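J.: Sending over a structure as structure tokens; questions will come in a sec.
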Amino acid sequence: MSQSTIQIWSWLHKWSSLVCTLFLLMLCVTGLPLIFHHEIEHLTGEEYVMPDLPGDDGLESLDTVLAEALASRPGEVGLFMSFDEDRPVVNVTSGPAYDAPERQMTLMSLDWRSADFVPPPVEEGIMAVILQLHIDMFLGLPGKFFLGAMGALFVVAIASGVVLYAPFMRKHDFGTLRVSRSRRVKWLDWHNLLGIVTLAWASVVGLTGVINAFSEPITATWQATQLGEMTAGYREAEPPAELGSIQGAIDAVTTAAPGMRVQFVAFPGGLYSTDHHYAVFLQGATPLTKRLLTVGLVDAVTGELTDIRPMPWYMQALLLSQPLHFGDYGGLPMKILWALLDLVTIVVLGSGVYLWLARRKRPVRTLMAEAEA
């Protein structure tokens with residue numbers, strides 16, 4: 001690689017790293033407790049333990065569950081219904097209108113076996129603050145887009161660092177640590193080694209973070225394309241005055257897709273559906289296929305299945321990226337691995353800042369000679 005080419009890559013690596021480092025450090029620090037949010041809730045007693053119901057293993061009709069939820073919110077309508085993976089809990093979101101903004105929504109959790117209310121997921125406290133800081137820095141959609149841009153710069157920094165690794169270390173074996181050299185050279189070796197070792201993980205977390213940051217436009221694209229195609233025959237239809245059975249809608253979709261279970265339902269008029277349909281999202285039974293959703297649209301009046309299709313690749317990428325970003329696939333061992341790699345990445349970012357401060361007055365030629373010595 002020529003000297004001028006190395007200088008270009010060095011400039012790209014330096015500035016892409018410096019611009020995003022402060023925000024990446026914030027994301028790494030806030031991401032650490034979020035990896036263990038389930039375990040933290042359990043230790044702090046915020047996790048609700050389902051009571052035993054002796055002699056009653058059956059599930060209530062979801063129409064009954066929905067009626068109980070809405071009875072506690074007079075004048076409101078159902079917006080979403082979701083289902084816990086590990087316990088018989090139905091989460092119902094209501095609002096004053098089908099197109100109500102998020103700030104006007106209310107989340108309720110009910111025991112599927114008895115239709116009794118249970119404590120909803122905790123949305124307050126320090127973990128909620130950390131999560132909001134990690135997602136959008138309390139700036140809403142602009143904050144998400146900004147952090148997405150920082151994630152993209154992080155990916156550029158990783159790629160340029162890989163390109164520079166070979167010419168800067170060409171006279172040394174992989175993983176060489178020159179502990180007898182100056183402090184700057186020792187930190188340079190640690191920075192290079194830890195950066196290469198965490199390359200795959202950092203790339204995955206960076207890319208999934210970018211995808212998550214742009215979830216709204218990705219969802220809007222799905223609405224305008226696949227969802228529009230599935231409901232083309234309803235474009236001139238009037239919104240229904242009264243909705244049919246939610247249980248019937250779910251049964252219609254699960255019958256058409258045996259072996260899958262319901263994960264989420266969007267009511268007519270909301271973000272993930274149309275003015276005329278229940279959108280029923282199904283998941284598979286394995287750790288991988290439970291993230292690959294199939295959506296079925298059911299006429300909200302007649303209860304007839306309109307269409308059912310797997311979600312397109314870009315929505316599947318979004319759905320897969322969300323749990324992968326926090327290591328939510330392989331249980332506690334994977335979470336521990338994610339946390340260790342997160343800590344190593346903090347060291348890489350911090351050492352990068354130190355190296356920049358230490359070499360500001362040194363030309364690239366001098367730095368290369370020093371690194372190769």
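Going through the structure tokens in order, the chains are called A, B, and so on, while each chain numbers its residues from 1 and the ligands are numbered from 1 in the order shown.
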So that I can see what lies close to segment 125-128 of chain A, please list as a VMD selection string the residues with an atom at most 12 Å from it, counting only C-alpha atoms and leaving out residues fewer than 5 positions away in the same chain.
T.: chain A and resid 30 to 41 44 46 133 to 135 137 to 138
J.: Within 9 Å of Ile158 of chain A, counting only C-alpha atoms, which residues qualify if same-chain residues fewer than 4 places away don't, as a PyMOL selection string?
T.: chain A and resi 13+17+153-154+162-163+195-196+199+202-203
J.: Run DSSP on the backbone and tell me which residues of segment 224-274 of chain A come out as strand (DSSP E or B); list them as a list in words.
T.: Arg261, Val262, Gln263, Phe264, Val265 and Ala266 of chain A
J.: With only C-alpha atoms as the counted atoms, please give the residues lying no more than 8 Å from Met81 of chain A, apart from itself and same-chain residues fewer than 5 positions off, as a PyMOL selection string.
T.: chain A and resi 90-93+264-266
J.: Taking N, CA, C and O atoms for each residue, export the selection above as a PDB file, in the first residue's frame.
T.:
```pdb
ATOM      1  N   VAL A  90     -51.022 -11.623  28.646  1.00  0.00           N
ATOM      2  CA  VAL A  90     -51.435 -10.863  27.465  1.00  0.00           C
ATOM      3  C   VAL A  90     -51.282  -9.384  27.788  1.00  0.00           C
ATOM      4  O   VAL A  90     -51.810  -8.900  28.798  1.00  0.00           O
ATOM      5  N   ASN A  91     -50.553  -8.673  26.940  1.00  0.00           N
ATOM      6  CA  ASN A  91     -50.358  -7.235  27.113  1.00  0.00           C
ATOM      7  C   ASN A  91     -51.276  -6.500  26.141  1.00  0.00           C
ATOM      8  O   ASN A  91     -51.203  -6.717  24.930  1.00  0.00           O
ATOM      9  N   VAL A  92     -52.142  -5.650  26.671  1.00  0.00           N
ATOM     10  CA  VAL A  92     -53.104  -4.906  25.868  1.00  0.00           C
ATOM     11  C   VAL A  92     -52.750  -3.421  25.929  1.00  0.00           C
ATOM     12  O   VAL A  92     -52.587  -2.864  27.022  1.00  0.00           O
ATOM     13  N   THR A  93     -52.607  -2.804  24.773  1.00  0.00           N
ATOM     14  CA  THR A  93     -52.369  -1.361  24.692  1.00  0.00           C
ATOM     15  C   THR A  93     -53.632  -0.689  24.199  1.00  0.00           C
ATOM     16  O   THR A  93     -54.203  -1.088  23.174  1.00  0.00           O
ATOM     17  N   PHE A 264     -48.051 -11.041  18.268  1.00  0.00           N
ATOM     18  CA  PHE A 264     -48.456  -9.636  18.326  1.00  0.00           C
ATOM     19  C   PHE A 264     -49.662  -9.442  17.419  1.00  0.00           C
ATOM     20  O   PHE A 264     -49.763 -10.084  16.361  1.00  0.00           O
ATOM     21  N   VAL A 265     -50.585  -8.573  17.837  1.00  0.00           N
ATOM     22  CA  VAL A 265     -51.740  -8.236  17.018  1.00  0.00           C
ATOM     23  C   VAL A 265     -51.875  -6.720  16.982  1.00  0.00           C
ATOM     24  O   VAL A 265     -51.836  -6.059  18.035  1.00  0.00           O
ATOM     25  N   ALA A 266     -52.015  -6.167  15.786  1.00  0.00           N
ATOM     26  CA  ALA A 266     -52.270  -4.744  15.616  1.00  0.00           C
ATOM     27  C   ALA A 266     -53.720  -4.559  15.195  1.00  0.00           C
ATOM     28  O   ALA A 266     -54.190  -5.205  14.258  1.00  0.00           O
TER      29      ALA A 266
END
```
J.: If DSSP is run on the backbone, what residues of segment 36-220 of chain A are alpha helix (DSSP H)? A reply as number ranges by chain would be ideal.
T.: A: 37-43, 62-71, 126-136, 140-168, 183-197, 199-213, 215-220
J.: Can you pull out the residues contacting Ala241 of chain A? Cut-off 10 Å, using only C-alpha atoms, and skip same-chain residues under 3 positions away; I want them as a PyMOL selection string.
T.: chain A and resi 238+276+301
J.: Dump C-alpha atoms for the selected residues as a PDB file, in the first residue's frame?
T.:
```
ATOM      1  CA  GLU A 238     -65.088   2.563   4.697  1.00  0.00           C
ATOM      2  CA  HIS A 276     -60.003  -2.578   7.901  1.00  0.00           C
ATOM      3  CA  VAL A 301     -65.739  -7.262  10.379  1.00  0.00           C
TER       4      VAL A 301
END
```
J.: Find the distance between atom CA of Asp189 of chain A and atom CA of Ala157 of chain A and write it in Å to one decimal.
T.: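 Distance between the two atoms: 17.1 Å.
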J.: Do a neighbour search on Gly284 of chain A at 12 Å with only C-alpha atoms, toss out local chain neighbours closer than 5 positions, and write the hits as an MDAnalysis selection string.
T.: chainID A and resid 85 254 257:263 289:295 310
J.: Mind dumping a table of every segment 22-45 of chain A residue within 10 Å of segment 343-346 of chain A, with the nearest atom pair and its distance in Å to one decimal, using only C-alpha atoms, sorted by chain and rising number, as CSV?
T.:
```
residue,atom,partner,partner_atom,distance
A:Leu24,CA,A:Ile346,CA,8.4
A:Leu25,CA,A:Ile346,CA,6.3
A:Met26,CA,A:Ile346,CA,9.4
A:Leu27,CA,A:Ile346,CA,9.7
A:Cys28,CA,A:Ile346,CA,6.7
A:Val29,CA,A:Ile346,CA,7.9
A:Leu32,CA,A:Leu343,CA,8.1
```
J.: Identify which of the residues A:Ser94, A:Gln283, A:Thr64, A:Ser160 lies closest to Leu12 of chain A, counting only C-alpha atoms when measuring atom-to-atom distances.
T.: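 Smallest separation from Leu12 of chain A among the options: A:Ser160.
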J.: Mind pulling up the distance from atom CA of Asp275 of chain A to atom CA of Thr302 of chain A?
T.: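 Distance reported for this atom pair: 13.9 Å.
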J.: Do you know which residues are at most 12 Å from Leu79 of chain A counting only C-alpha atoms, after dropping those on the same chain fewer than 4 positions away, and could you put them as a ChimeraX atom specification?
T.: /A:66,69-70,91-102,104-108,243,246,264-275,277-279
J.: Just want the 9 Å neighbourhood of Val204 of chain A, counted on only C-alpha atoms, with same-chain residues fewer than 3 positions away dropped. Output as a PyMOL selection string.
T.: chain A and resi 199-201+207-209+321+324-325
J.: For Thr306 of chain A, which residue out of A:Val205, A:Ala256, A:Leu188, A:Leu194 is the nearest one, using only C-alpha atoms?
T.: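 The shortest atom-to-atom distance to Thr306 of chain A comes from A:Ala256.
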